[in-house]
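The structure file final07.txt is reproduced below (compact mmCIF, C-alpha atoms).
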# COMPACT_ATOMS: atom_id res chain seq x y z
CA MET Y 1 143.65 -17.03 -13.13
CA GLN Y 2 140.41 -18.40 -11.72
CA THR Y 3 138.26 -16.63 -9.15
CA ARG Y 4 135.87 -18.41 -6.82
CA ARG Y 5 133.33 -15.88 -5.69
CA GLY Y 6 131.93 -15.95 -2.17
CA LYS Y 7 128.45 -14.71 -1.37
CA CYS Y 8 129.70 -11.61 0.45
CA MET Y 9 131.76 -10.31 -2.46
CA PRO Y 10 130.58 -7.62 -4.89
CA ASP Y 11 129.57 -8.74 -8.36
CA CYS Y 12 131.08 -5.81 -10.18
CA ALA Y 13 134.67 -5.75 -11.40
CA LEU Y 14 136.80 -2.88 -10.16
CA TRP Y 15 138.86 -0.65 -12.39
CA TYR Y 16 142.44 -0.54 -11.21
CA ALA Y 17 145.43 1.16 -12.77
CA ALA Y 18 148.65 0.98 -10.80
CA MET Y 19 151.13 3.77 -11.29
CA PRO Y 20 154.76 2.74 -11.82
CA ASP Y 21 155.72 4.09 -8.38
CA ASP Y 22 152.84 2.39 -6.55
CA ARG Y 23 153.92 -0.16 -3.94
CA PRO Y 24 151.07 -2.70 -3.67
CA LYS Y 25 150.98 -4.73 -0.49
CA LEU Y 26 149.34 -8.13 -0.24
CA ARG Y 27 147.58 -8.91 3.02
CA PRO Y 28 148.72 -12.00 5.00
CA LEU Y 29 147.07 -14.79 3.01
CA ASP Y 30 147.18 -18.54 2.61
CA LEU Y 31 149.06 -19.51 -0.57
CA ILE Y 32 148.36 -23.22 -0.93
CA PRO Y 33 149.87 -25.40 -3.67
CA VAL Y 34 147.19 -27.43 -5.42
CA GLY Y 35 147.74 -30.42 -7.61
CA GLY Y 36 146.42 -30.90 -11.09
CA HIS Y 37 147.04 -32.49 -14.42
CA GLY Y 38 149.20 -29.66 -15.66
CA ALA Y 39 151.49 -26.95 -14.35
CA GLN Y 40 151.64 -26.19 -10.63
CA GLN Y 41 148.94 -23.83 -9.36
CA PHE Y 42 148.32 -22.08 -6.06
CA LEU Y 43 145.14 -21.33 -4.16
CA LEU Y 44 145.01 -17.89 -2.57
CA ARG Y 45 142.57 -17.36 0.31
CA ASP Y 46 142.02 -15.20 3.37
CA PRO Y 47 142.78 -17.03 6.66
CA ARG Y 48 140.78 -14.37 8.55
CA ARG Y 49 137.73 -15.07 6.38
CA LEU Y 50 137.08 -11.36 5.90
CA SER Y 51 136.96 -12.23 2.24
CA ALA Y 52 135.06 -15.29 1.08
CA GLN Y 53 136.79 -15.35 -2.30
CA GLU Y 54 139.45 -17.78 -3.42
CA ILE Y 55 141.76 -17.19 -6.36
CA VAL Y 56 143.76 -19.84 -8.19
CA VAL Y 57 146.92 -18.61 -9.91
CA PRO Y 58 149.69 -20.32 -11.89
CA ALA Y 59 153.18 -20.57 -10.41
CA ASP Y 60 154.55 -17.52 -12.22
CA LEU Y 61 151.81 -15.25 -10.88
CA ALA Y 62 152.28 -16.77 -7.43
CA TYR Y 63 155.87 -15.58 -7.64
CA LEU Y 64 154.69 -12.12 -8.65
CA LEU Y 65 152.42 -12.04 -5.60
CA THR Y 66 155.47 -12.46 -3.37
CA GLN Y 67 156.81 -9.21 -4.83
CA PHE Y 68 153.79 -7.26 -3.59
CA ASP Y 69 155.08 -6.70 -0.05
CA GLY Y 70 154.71 -2.93 0.12
CA THR Y 71 158.43 -2.26 -0.46
CA ARG Y 72 158.63 -2.70 -4.24
CA THR Y 73 157.09 -0.57 -6.94
CA VAL Y 74 155.00 -2.17 -9.66
CA ARG Y 75 157.83 -1.53 -12.10
CA GLU Y 76 160.35 -3.25 -9.79
CA ALA Y 77 158.07 -6.27 -9.41
CA GLN Y 78 157.71 -6.38 -13.21
CA VAL Y 79 161.50 -6.32 -13.67
CA ASN Y 80 162.00 -9.08 -11.10
CA TYR Y 81 159.42 -11.18 -12.95
CA VAL Y 82 161.34 -10.75 -16.22
CA ARG Y 83 164.60 -11.72 -14.51
CA ARG Y 84 162.98 -14.83 -13.02
CA PHE Y 85 161.08 -16.11 -16.07
CA GLY Y 86 162.77 -14.42 -19.02
CA SER Y 87 159.51 -13.09 -20.42
CA LEU Y 88 157.61 -9.83 -20.09
CA LEU Y 89 154.39 -9.56 -18.13
CA THR Y 90 152.64 -6.48 -19.49
CA SER Y 91 151.44 -3.64 -17.31
CA ASP Y 92 147.86 -4.36 -18.41
CA LYS Y 93 148.10 -7.91 -17.08
CA ILE Y 94 149.59 -6.71 -13.80
CA ASN Y 95 146.82 -4.13 -13.45
CA ASP Y 96 144.23 -6.82 -14.13
CA LEU Y 97 145.78 -9.02 -11.42
CA LEU Y 98 145.85 -6.13 -8.93
CA ALA Y 99 142.23 -5.31 -9.75
CA ARG Y 100 141.17 -8.86 -9.00
CA LEU Y 101 143.17 -8.89 -5.79
CA ASP Y 102 141.62 -5.62 -4.68
CA GLU Y 103 138.13 -6.83 -5.56
CA ALA Y 104 138.76 -9.93 -3.47
CA LEU Y 105 139.94 -7.74 -0.56
CA PHE Y 106 143.37 -9.36 -0.73
CA LEU Y 107 145.32 -6.10 -0.96
CA ASP Y 108 146.18 -3.97 2.04
CA SER Y 109 144.43 -1.03 0.43
CA GLU Y 110 142.16 1.78 1.52
CA ARG Y 111 139.20 -0.21 0.23
CA PHE Y 112 140.10 -3.17 2.43
CA ARG Y 113 140.77 -1.02 5.51
CA GLN Y 114 137.39 0.65 5.18
CA PHE Y 115 135.68 -2.71 4.72
CA ALA Y 116 137.51 -4.23 7.72
CA ALA Y 117 136.62 -1.24 9.91
CA GLU Y 118 132.94 -1.71 9.11
CA ILE Y 119 133.09 -5.44 9.83
CA GLU Y 120 134.92 -4.85 13.11
CA ALA Y 121 132.41 -2.19 14.20
CA ASP Y 122 129.58 -4.61 13.45
CA PHE Y 123 131.26 -7.37 15.47
CA ARG Y 124 131.94 -5.16 18.47
CA ALA Y 125 128.31 -4.04 18.48
CA ARG Y 126 126.96 -7.60 18.55
CA PRO Y 127 125.91 -9.00 21.94
CA THR Y 128 127.26 -12.47 21.07
CA ARG Y 129 130.06 -13.98 19.05
CA PRO Y 130 128.34 -15.63 16.04
CA ALA Y 131 128.99 -19.26 15.14
CA SER Y 132 131.41 -18.64 12.30
CA HIS Y 133 131.97 -22.24 11.17
CA ALA Y 134 128.52 -23.78 11.69
CA GLY Y 135 127.31 -25.68 8.66
CA GLN Y 136 130.87 -26.01 7.36
CA SER Y 137 133.10 -27.55 10.01
CA TYR Y 138 130.27 -28.98 12.09
CA GLU Y 139 126.50 -29.46 11.99
CA GLU Y 140 124.46 -26.29 12.28
CA GLY Y 141 121.43 -27.60 14.19
CA ALA Y 142 121.38 -29.13 17.68
CA GLY Y 143 119.60 -32.33 16.55
CA ALA Y 144 122.00 -32.92 13.68
CA PHE Y 145 125.01 -32.26 15.89
CA VAL Y 146 123.85 -34.75 18.53
CA THR Y 147 123.09 -37.36 15.85
CA VAL Y 148 126.65 -37.13 14.52
CA TRP Y 149 128.66 -36.60 17.69
CA GLN Y 150 126.89 -38.76 20.25
CA PRO Y 151 128.01 -41.99 18.52
CA ARG Y 152 131.51 -40.61 18.20
CA LEU Y 153 131.83 -40.04 21.93
CA ALA Y 154 130.18 -43.38 22.70
CA ALA Y 155 132.84 -45.13 20.63
CA ALA Y 156 135.75 -43.28 22.23
CA ASN Y 157 136.40 -45.82 25.03
CA PRO Y 158 138.32 -43.69 27.60
CA PRO Y 159 141.11 -45.41 29.56
CA GLN Y 160 140.00 -47.19 32.71
CA ASP Y 161 143.20 -46.41 34.63
CA PHE Y 162 143.32 -42.65 34.07
CA ALA Y 163 140.82 -39.96 35.05
CA LEU Y 164 140.79 -36.19 35.04
CA ASP Y 165 140.84 -34.27 38.29
CA ALA Y 166 137.35 -33.26 39.39
CA GLN Y 167 138.41 -29.80 40.60
CA ARG Y 168 140.84 -28.94 37.77
CA PRO Y 169 140.13 -31.12 34.70
CA ALA Y 170 142.64 -30.28 31.98
CA LEU Y 171 142.97 -31.29 28.34
CA ILE Y 172 144.99 -30.69 25.23
CA ALA Y 173 142.62 -31.06 22.28
CA PRO Y 174 143.00 -30.40 18.53
CA HIS Y 175 141.67 -27.42 16.65
CA TYR Y 176 142.02 -29.18 13.29
CA ASP Y 177 138.91 -29.72 11.15
CA MET Y 178 136.31 -31.28 13.47
CA ASN Y 179 135.27 -34.06 11.12
CA ALA Y 180 138.78 -34.96 10.02
CA ALA Y 181 139.95 -35.08 13.65
CA ALA Y 182 136.69 -36.45 15.09
CA GLU Y 183 138.29 -39.46 16.78
CA CYS Y 184 140.80 -37.21 18.53
CA TYR Y 185 138.16 -34.73 19.73
CA ALA Y 186 135.93 -37.58 20.91
CA ALA Y 187 138.77 -39.12 22.95
CA ALA Y 188 139.23 -35.86 24.86
CA TYR Y 189 135.59 -35.05 25.51
CA ALA Y 190 134.60 -38.60 26.38
CA LEU Y 191 137.19 -38.49 29.15
CA LEU Y 192 135.92 -35.09 30.31
CA ALA Y 193 132.38 -36.49 30.40
CA GLU Y 194 133.45 -39.01 33.05
CA THR Y 195 134.31 -36.35 35.64
CA GLU Y 196 132.09 -33.88 37.44
CA ARG Y 197 130.82 -31.03 35.31
CA PRO Y 198 133.13 -28.02 35.59
CA GLU Y 199 131.56 -24.69 36.47
CA VAL Y 200 134.01 -22.74 34.31
CA VAL Y 201 136.33 -23.77 31.47
CA ILE Y 202 139.29 -21.68 30.38
CA ILE Y 203 139.81 -22.21 26.64
CA LEU Y 204 143.29 -21.32 25.43
CA GLY Y 205 143.03 -20.93 21.66
CA ILE Y 206 145.44 -19.79 18.98
CA ALA Y 207 145.19 -16.41 17.27
CA HIS Y 208 146.05 -17.63 13.77
CA SER Y 209 145.67 -14.11 12.40
CA GLY Y 210 148.21 -12.66 14.79
CA GLY Y 211 147.52 -9.76 17.09
CA ALA Y 212 149.54 -7.00 18.70
CA ALA Y 213 148.97 -8.29 22.23
CA PRO Y 214 150.17 -11.73 23.39
CA PHE Y 215 146.67 -12.60 24.65
CA THR Y 216 143.19 -11.48 23.64
CA LEU Y 217 139.89 -12.03 25.43
CA THR Y 218 136.26 -11.38 24.66
CA ARG Y 219 133.29 -11.01 26.99
CA LYS Y 220 130.85 -12.10 24.29
CA PRO Y 221 128.91 -15.36 24.74
CA PHE Y 222 129.66 -17.88 21.97
CA GLU Y 223 126.75 -18.95 19.79
CA THR Y 224 126.61 -22.73 19.28
CA PRO Y 225 124.00 -25.16 17.90
CA PHE Y 226 122.66 -25.34 21.48
CA GLY Y 227 122.28 -21.60 22.07
CA ALA Y 228 124.68 -19.06 23.53
CA LEU Y 229 127.44 -20.34 25.79
CA GLU Y 230 128.01 -17.66 28.43
CA THR Y 231 131.41 -16.29 29.36
CA ASP Y 232 132.50 -16.02 33.00
CA SER Y 233 132.60 -12.35 33.92
CA GLN Y 234 134.18 -13.01 37.33
CA MET Y 235 137.39 -14.49 35.94
CA ILE Y 236 137.49 -12.30 32.83
CA GLU Y 237 137.29 -9.08 34.84
CA SER Y 238 139.89 -10.37 37.28
CA LEU Y 239 142.29 -11.06 34.43
CA ALA Y 240 141.52 -7.75 32.76
CA GLY Y 241 142.35 -5.90 35.97
CA ALA Y 242 145.64 -7.76 36.42
CA ALA Y 243 146.89 -7.74 32.82
CA PRO Y 244 149.62 -5.21 31.94
CA PHE Y 245 147.96 -4.53 28.56
CA ASP Y 246 144.48 -4.19 27.05
CA LEU Y 247 143.09 -7.71 26.72
CA PHE Y 248 140.29 -6.51 24.43
CA ALA Y 249 142.20 -4.30 21.98
CA ASP Y 250 142.29 -7.09 19.37
CA GLU Y 251 138.91 -8.58 20.29
CA PHE Y 252 137.97 -8.63 16.61
CA LEU Y 253 140.33 -11.63 16.21
CA HIS Y 254 137.69 -13.75 17.93
CA ARG Y 255 135.20 -13.14 15.10
CA ASP Y 256 136.32 -15.98 12.83
CA GLU Y 257 138.90 -17.83 14.91
CA HIS Y 258 138.01 -21.52 15.02
CA SER Y 259 140.37 -22.70 17.75
CA ILE Y 260 138.09 -21.54 20.57
CA GLU Y 261 134.83 -22.03 18.67
CA PHE Y 262 135.36 -25.76 18.20
CA GLN Y 263 135.98 -26.35 21.91
CA ALA Y 264 133.02 -24.15 22.90
CA VAL Y 265 130.70 -26.14 20.62
CA LEU Y 266 131.84 -29.48 22.03
CA LEU Y 267 131.58 -28.25 25.62
CA HIS Y 268 128.04 -27.03 25.02
CA PHE Y 269 127.15 -30.33 23.35
CA LEU Y 270 128.57 -32.30 26.27
CA TYR Y 271 126.48 -30.42 28.83
CA HIS Y 272 123.52 -29.20 26.77
CA GLU Y 273 120.96 -31.21 28.76
CA GLY Y 274 121.81 -29.38 31.99
CA GLU Y 275 123.54 -26.15 32.92
CA PRO Y 276 126.68 -25.83 30.79
CA PRO Y 277 129.88 -24.37 32.20
CA LYS Y 278 130.77 -20.77 31.49
CA ILE Y 279 133.89 -20.18 29.45
CA VAL Y 280 136.90 -17.86 29.54
CA PRO Y 281 138.00 -17.56 25.88
CA ILE Y 282 141.67 -16.57 25.60
CA LEU Y 283 143.42 -16.30 22.25
CA CYS Y 284 147.19 -16.75 22.39
CA ALA Y 285 149.31 -14.97 19.79
CA SER Y 286 152.74 -16.20 18.71
CA TYR Y 287 154.40 -14.65 21.74
CA HIS Y 288 157.27 -17.15 21.47
CA ARG Y 289 158.54 -15.65 18.21
CA SER Y 290 160.44 -12.41 17.75
CA ASN Y 291 162.05 -11.38 14.47
CA GLY Y 292 162.03 -14.97 13.29
CA GLU Y 293 163.79 -16.27 16.40
CA PHE Y 294 162.50 -18.17 19.42
CA ALA Y 295 161.73 -15.84 22.34
CA ASP Y 296 161.61 -17.28 25.84
CA PRO Y 297 158.13 -16.42 27.20
CA ALA Y 298 159.41 -16.76 30.78
CA GLN Y 299 161.53 -13.63 30.41
CA PRO Y 300 160.20 -10.51 32.18
CA GLY Y 301 157.56 -8.76 30.11
CA PRO Y 302 153.82 -8.65 29.30
CA THR Y 303 153.57 -12.36 28.37
CA ASN Y 304 155.16 -13.55 31.58
CA ASP Y 305 153.14 -11.08 33.66
CA PHE Y 306 149.83 -12.25 32.18
CA LEU Y 307 150.67 -15.92 32.67
CA ASP Y 308 151.53 -15.23 36.29
CA ALA Y 309 148.18 -13.44 36.68
CA LEU Y 310 146.35 -16.35 35.05
CA ARG Y 311 148.00 -18.84 37.41
CA GLN Y 312 147.18 -16.74 40.49
CA THR Y 313 143.59 -16.22 39.34
CA LEU Y 314 143.10 -19.93 38.77
CA ALA Y 315 144.75 -20.86 42.06
CA GLY Y 316 142.49 -18.47 43.96
CA ASP Y 317 139.22 -19.70 42.40
CA ALA Y 318 137.39 -22.23 44.57
CA ARG Y 319 135.08 -23.35 41.77
CA ARG Y 320 135.54 -26.38 39.56
CA VAL Y 321 137.55 -24.85 36.71
CA GLY Y 322 138.68 -26.80 33.68
CA VAL Y 323 141.47 -25.77 31.29
CA VAL Y 324 141.57 -26.75 27.61
CA ALA Y 325 144.52 -25.98 25.35
CA SER Y 326 143.16 -25.94 21.81
CA ALA Y 327 146.36 -26.88 20.04
CA ASP Y 328 147.55 -28.61 16.91
CA LEU Y 329 151.15 -29.80 16.65
CA SER Y 330 153.53 -30.02 13.67
CA HIS Y 331 152.73 -28.41 10.32
CA ILE Y 332 155.07 -29.68 7.61
CA GLY Y 333 155.21 -29.81 3.83
CA ALA Y 334 154.70 -27.54 0.83
CA ARG Y 335 151.70 -25.72 2.30
CA PHE Y 336 153.92 -24.51 5.12
CA GLY Y 337 156.86 -23.38 3.05
CA GLN Y 338 158.85 -26.61 2.87
CA PRO Y 339 159.84 -28.10 -0.49
CA PRO Y 340 158.00 -31.19 -1.75
CA PRO Y 341 157.79 -34.11 -1.87
CA LEU Y 342 156.54 -35.07 1.58
CA ALA Y 343 158.23 -38.38 2.47
CA GLN Y 344 157.67 -40.89 5.28
CA ALA Y 345 160.96 -39.76 6.81
CA HIS Y 346 159.49 -36.26 7.27
CA LEU Y 347 156.42 -37.71 8.98
CA ASP Y 348 158.60 -39.80 11.27
CA MET Y 349 160.72 -36.81 12.29
CA ALA Y 350 157.61 -34.73 12.98
CA ARG Y 351 156.15 -37.55 15.08
CA ARG Y 352 159.34 -37.73 17.17
CA HIS Y 353 159.24 -33.97 17.68
CA ASP Y 354 155.56 -34.10 18.69
CA THR Y 355 156.28 -36.96 21.08
CA ALA Y 356 159.04 -34.97 22.77
CA LEU Y 357 156.72 -31.99 23.21
CA LEU Y 358 153.90 -34.13 24.58
CA GLU Y 359 156.24 -35.82 27.05
CA LYS Y 360 157.18 -32.41 28.46
CA ALA Y 361 153.52 -31.41 28.61
CA GLN Y 362 152.55 -34.58 30.49
CA ALA Y 363 155.34 -33.91 32.99
CA GLY Y 364 154.19 -30.32 33.50
CA ASP Y 365 157.58 -29.11 32.29
CA ALA Y 366 156.96 -25.70 30.70
CA GLU Y 367 160.66 -24.91 30.55
CA GLY Y 368 161.41 -28.25 28.89
CA LEU Y 369 158.63 -27.61 26.38
CA CYS Y 370 160.40 -24.40 25.39
CA GLU Y 371 163.74 -26.17 25.13
CA VAL Y 372 162.35 -28.78 22.72
CA LEU Y 373 160.85 -26.12 20.48
CA ALA Y 374 163.86 -23.79 20.66
CA GLY Y 375 166.23 -26.66 19.93
CA GLU Y 376 164.64 -27.00 16.50
CA GLN Y 377 163.98 -23.26 16.09
CA ASP Y 378 160.31 -24.22 15.67
CA ARG Y 379 161.02 -25.62 12.20
CA TYR Y 380 158.04 -27.95 12.59
CA ASN Y 381 155.68 -24.96 12.85
CA VAL Y 382 153.95 -26.08 16.06
CA CYS Y 383 151.11 -23.56 16.05
CA GLY Y 384 149.64 -24.87 19.32
CA PHE Y 385 152.72 -24.18 21.43
CA PRO Y 386 151.44 -20.89 22.95
CA ALA Y 387 148.25 -22.58 24.21
CA ILE Y 388 150.03 -25.64 25.63
CA TYR Y 389 152.68 -23.50 27.31
CA ALA Y 390 150.01 -21.21 28.78
CA LEU Y 391 148.19 -24.23 30.22
CA LEU Y 392 151.38 -25.50 31.89
CA ARG Y 393 152.06 -22.06 33.33
CA ALA Y 394 148.49 -21.67 34.59
CA LEU Y 395 148.12 -25.13 36.09
CA PRO Y 396 150.89 -27.12 37.83
CA VAL Y 397 150.61 -30.46 36.02
CA LYS Y 398 151.84 -33.70 37.62
CA GLU Y 399 151.03 -36.32 35.01
CA GLY Y 400 149.18 -36.91 31.77
CA ARG Y 401 147.99 -39.47 29.27
CA VAL Y 402 148.00 -39.29 25.48
CA LEU Y 403 144.52 -40.37 24.44
CA SER Y 404 144.91 -40.10 20.68
CA TYR Y 405 147.54 -38.92 18.19
CA ARG Y 406 147.06 -38.44 14.46
CA GLN Y 407 148.89 -37.09 11.43
CA ALA Y 408 146.53 -35.74 8.78
CA THR Y 409 148.32 -35.83 5.44
CA GLN Y 410 147.14 -33.90 2.40
CA PRO Y 411 148.54 -35.53 -0.76
CA GLN Y 412 147.20 -32.73 -2.94
CA THR Y 413 149.31 -30.13 -1.14
CA GLN Y 414 152.11 -32.51 -0.06
CA SER Y 415 151.55 -31.38 3.54
CA CYS Y 416 150.70 -32.75 6.96
CA VAL Y 417 149.24 -31.45 10.21
CA SER Y 418 149.51 -33.49 13.41
CA PHE Y 419 147.41 -33.23 16.55
CA ALA Y 420 146.68 -35.08 19.76
CA SER Y 421 144.29 -35.33 22.66
CA VAL Y 422 145.92 -35.45 26.09
CA GLY Y 423 144.43 -35.68 29.55
CA LEU Y 424 146.37 -33.85 32.28
CA ARG Y 425 146.21 -34.07 36.07
CA PRO Y 426 147.43 -31.27 38.35
CA ILE Y 427 149.85 -31.66 41.24
CA GLN Y 428 147.06 -31.01 43.76
CA THR Y 429 144.35 -33.60 43.07
CA THR Y 430 140.98 -34.26 44.62
CA ALA Y 431 140.84 -37.95 43.76
The structure in this file should be written as structure tokens.
Amino acid sequence: MQTRRGKCMPDCALWYAAMPDDRPKLRPLDLIPVGGHGAQQFLLRDPRRLSAQEIVVPADLAYLLTQFDGTRTVREAQVNYVRRFGSLLTSDKINDLLARLDEALFLDSERFRQFAAEIEADFRARPTRPASHAGQSYEEGAGAFVTVWQPRLAAANPPQDFALDAQRPALIAPHYDMNAAAECYAAAYALLAETERPEVVIILGIAHSGGAAPFTLTRKPFETPFGALETDSQMIESLAGAAPFDLFADEFLHRDEHSIEFQAVLLHFLYHEGEPPKIVPILCASYHRSNGEFADPAQPGPTNDFLDALRQTLAGDARRVGVVASADLSHIGARFGQPPPLAQAHLDMARRHDTALLEKAQAGDAEGLCEVLAGEQDRYNVCGFPAIYALLRALPVKEGRVLSYRQATQPQTQSCVSFASVGLRPIQTTA
């Protein structure tokens, strides 16, 4: 087992001795198959980025990790390992693995909960939301960002026969890695650049780390290479007053979530030479899933109530308000729990599914969007659905145009993520 140490991790090893009746519980983590010149291995990392460590384990230990779900004792996990592989994994080796997991903050332990509480308290005390992915997913300095992204937008070549509405410009844009999806991002923001600058932009992101509430807001300005992008207190407080739940209870989810950060950075870049728009950052949880089944978000309840409030708030705002759904599409392959190999037939089926979803989005058909997803029981893992659906519920869309569509394949993990940029026009237009 290899450990890749991040700068925020302690240097000392922890002593750990699990008792036979202990029930270790692994936190929700990414378990990513990685290729090599030998036996299959898996990369373990924290999607919430609370831990900067990464651990590489062989396939047998990856299986053992699946046993640490809080319901099995260490002894039971050990017995299941023997049954699966026909060999004994000693208690010392299991203790060593648990020690490394606890040191990496991968276990749902008292140590992790104390660490997370301190990090959350620090975040809530900050006046701004720090730029979590600067220097990794995009350029850290303003000059460097402009040098890289200005040519990308200049090369985007927006369609001549389609324009966004000046009063309600709306986009679906990726939240995939900014450099890997640069062409797709550029297509969206080059089109936005051709309309009048919005005064406010609602950004509907995805809460990849979950959340108890279906939607989560923050009042904190977002730090970008161009300074702090302010949030719009008028709309945020209106939504907070109308919501049937606490919109800020899970505010900590905003700390490292990239889906809103990437759009905020590009918006600030687009308008950095003048007064940039204010933003309303809304994280959408997986409100369309319940006990592994598709749940209709139009049914009476907190999700439906909030979306009604969002629509009414937007309809009653006389300012130029844009809406961006930060949404990727299908996630298929071994990284997402599907058996390898990843074949062209899988990519073709995912493309057809994405096309069906995008057709419903361009028609403003929120109900049809649900039907497409429910018909497949979301087996294509469309993580951006909650943001796209929320956009269609908030803004009555008449027509749209797909600007760019891509499938990013990862041969090493036998996986693929697809994404698109789409311009949308509302029923009531100003053009």
- request: Just the residues within 7 Å of Pro281 (chain Y), please, counting all atoms listed in the file, with nothing from its chain fewer than 3 positions along; format it as a list in words.
  value: Ile202, Ile203, Leu204, Leu217, Thr218 and Ile260 of chain Y
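CA of Leu50 (chain Y) is found 28.4 Å from CA of Ser91 (chain Y).
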- request: Would you kindly return, as an MDAnalysis selection string, each protein, DNA or RNA residue with an atom no farther than 10 Å from any atom of region 53-70 of chain Y, considering only C-alpha atoms and excluding same-chain residues fewer than 5 positions away?
  value: chainID Y and resid 1:9 22:28 30:34 39:46 76:78 80:81 84:85 89 94 97:98 100:101 103:108
query: Which is closest to Ala207 (chain Y) among Y:Phe112, Y:Phe226, Y:Trp149, Y:Phe385, if we use all atoms listed in the file?
result: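 The answer is Y:Phe385, which sits nearest to Ala207 (chain Y).
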message: Between Y:Glu194, Y:Gly135, Y:Leu239, Y:Arg124, which residue has the minimum interatomic distance to Leu153 (chain Y), considering only C-alpha atoms?
response: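 Ranked by minimum distance to Leu153 (chain Y), first place goes to Y:Glu194.
Among the candidate residues Y:Met178, Y:Leu283, Y:Ala131, Y:Ala350, the one lying nearest to His208 (chain Y) is Y:Leu283, with distances computed using only C-alpha atoms.
Residue nearest Tyr138 (chain Y) within the list Y:Asp161, Y:Glu199, Y:Asp365, Y:Glu261: Y:Glu261 [criterion: smallest interatomic distance, all atoms listed in the file].
Shell of Ile427 (chain Y) at 7 Å, with all atoms listed in the file counted and residues fewer than 4 places along the chain excluded, is Pro396, Val397 and Lys398 of chain Y.
With distances taken over all atoms listed in the file, Y:Arg168 is the one residue among Y:His272, Y:Arg401, Y:Arg406, Y:Arg168 lying closest to Leu314 (chain Y).
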task: Report the distance between CA of Gln344 (chain Y) and CA of Asp177 (chain Y) in Å, rounded to one decimal place.
output: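 CA of Gln344 (chain Y) sits 22.6 Å away from CA of Asp177 (chain Y).
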- request: Dump as a VMD selection string all residues having an atom at most 9 Å from (140.9, -27.3, 16.3), computed in the file's coordinates with only C-alpha atoms.
  value: chain Y and resid 173 to 178 181 185 205 258 to 263 326 to 328 419
- prompt: Separation of CA of Ala243 (chain Y) and CA of Ala212 (chain Y), in Å?
  reply: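 Answer for the CA of Ala243 (chain Y) to CA of Ala212 (chain Y) separation: 14.4 Å.
Minimum atom-to-atom distance to Arg311 (chain Y), evaluated using only C-alpha atoms, belongs to Y:Arg393 out of Y:Arg351, Y:Lys220, Y:Arg393, Y:Arg129.
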Selection near region 378-382 of chain Y, 8 Å with all atoms listed in the file, sequence-local residues under 4 positions removed, as a PyMOL selection string: chain Y and resi 294+328-332+336+350+353+373-374
At a cut-off of 12 Å, can you tabulate as CSV every residue of region 302-387 of chain Y near region 247-257 of chain Y together with its closest atom pair and the distance in Å to one decimal, using all atoms listed in the file and ordering rows by chain then number?
residue,atom,partner,partner_atom,distance
Y:Pro302,CA,Y:Leu247,CA,11.1
Y:Thr303,CA,Y:Leu247,CA,11.6
Y:Phe306,CA,Y:Leu247,CA,9.8
Y:Ser326,CA,Y:Glu257,CA,11.5
Env of Ile172 (chain Y): 7 Å cut, atoms = all atoms listed in the file, seq-sep filter 3 positions within chain, self excluded. Answer as a PDB file with C-alpha atoms, in the coordinates of the input.
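Below you can see result-v7.pdb, which holds the result:
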ATOM      1  CA  VAL Y 324     141.570 -26.750  27.610  1.00  0.00           C
ATOM      2  CA  ALA Y 325     144.520 -25.980  25.350  1.00  0.00           C
ATOM      3  CA  SER Y 326     143.160 -25.940  21.810  1.00  0.00           C
ATOM      4  CA  ALA Y 327     146.360 -26.880  20.040  1.00  0.00           C
ATOM      5  CA  SER Y 421     144.290 -35.330  22.660  1.00  0.00           C
ATOM      6  CA  VAL Y 422     145.920 -35.450  26.090  1.00  0.00           C
ATOM      7  CA  GLY Y 423     144.430 -35.680  29.550  1.00  0.00           C
TER       8      GLY Y 423
END
message: Using all atoms listed in the file - which residues lie no farther than 10 Å from the point (135.4, -21.2, 30.9) in the file's frame? Write them as a ChimeraX atom specification.
response: /Y:198-204,229-233,235-236,264,267,276-282,321-324
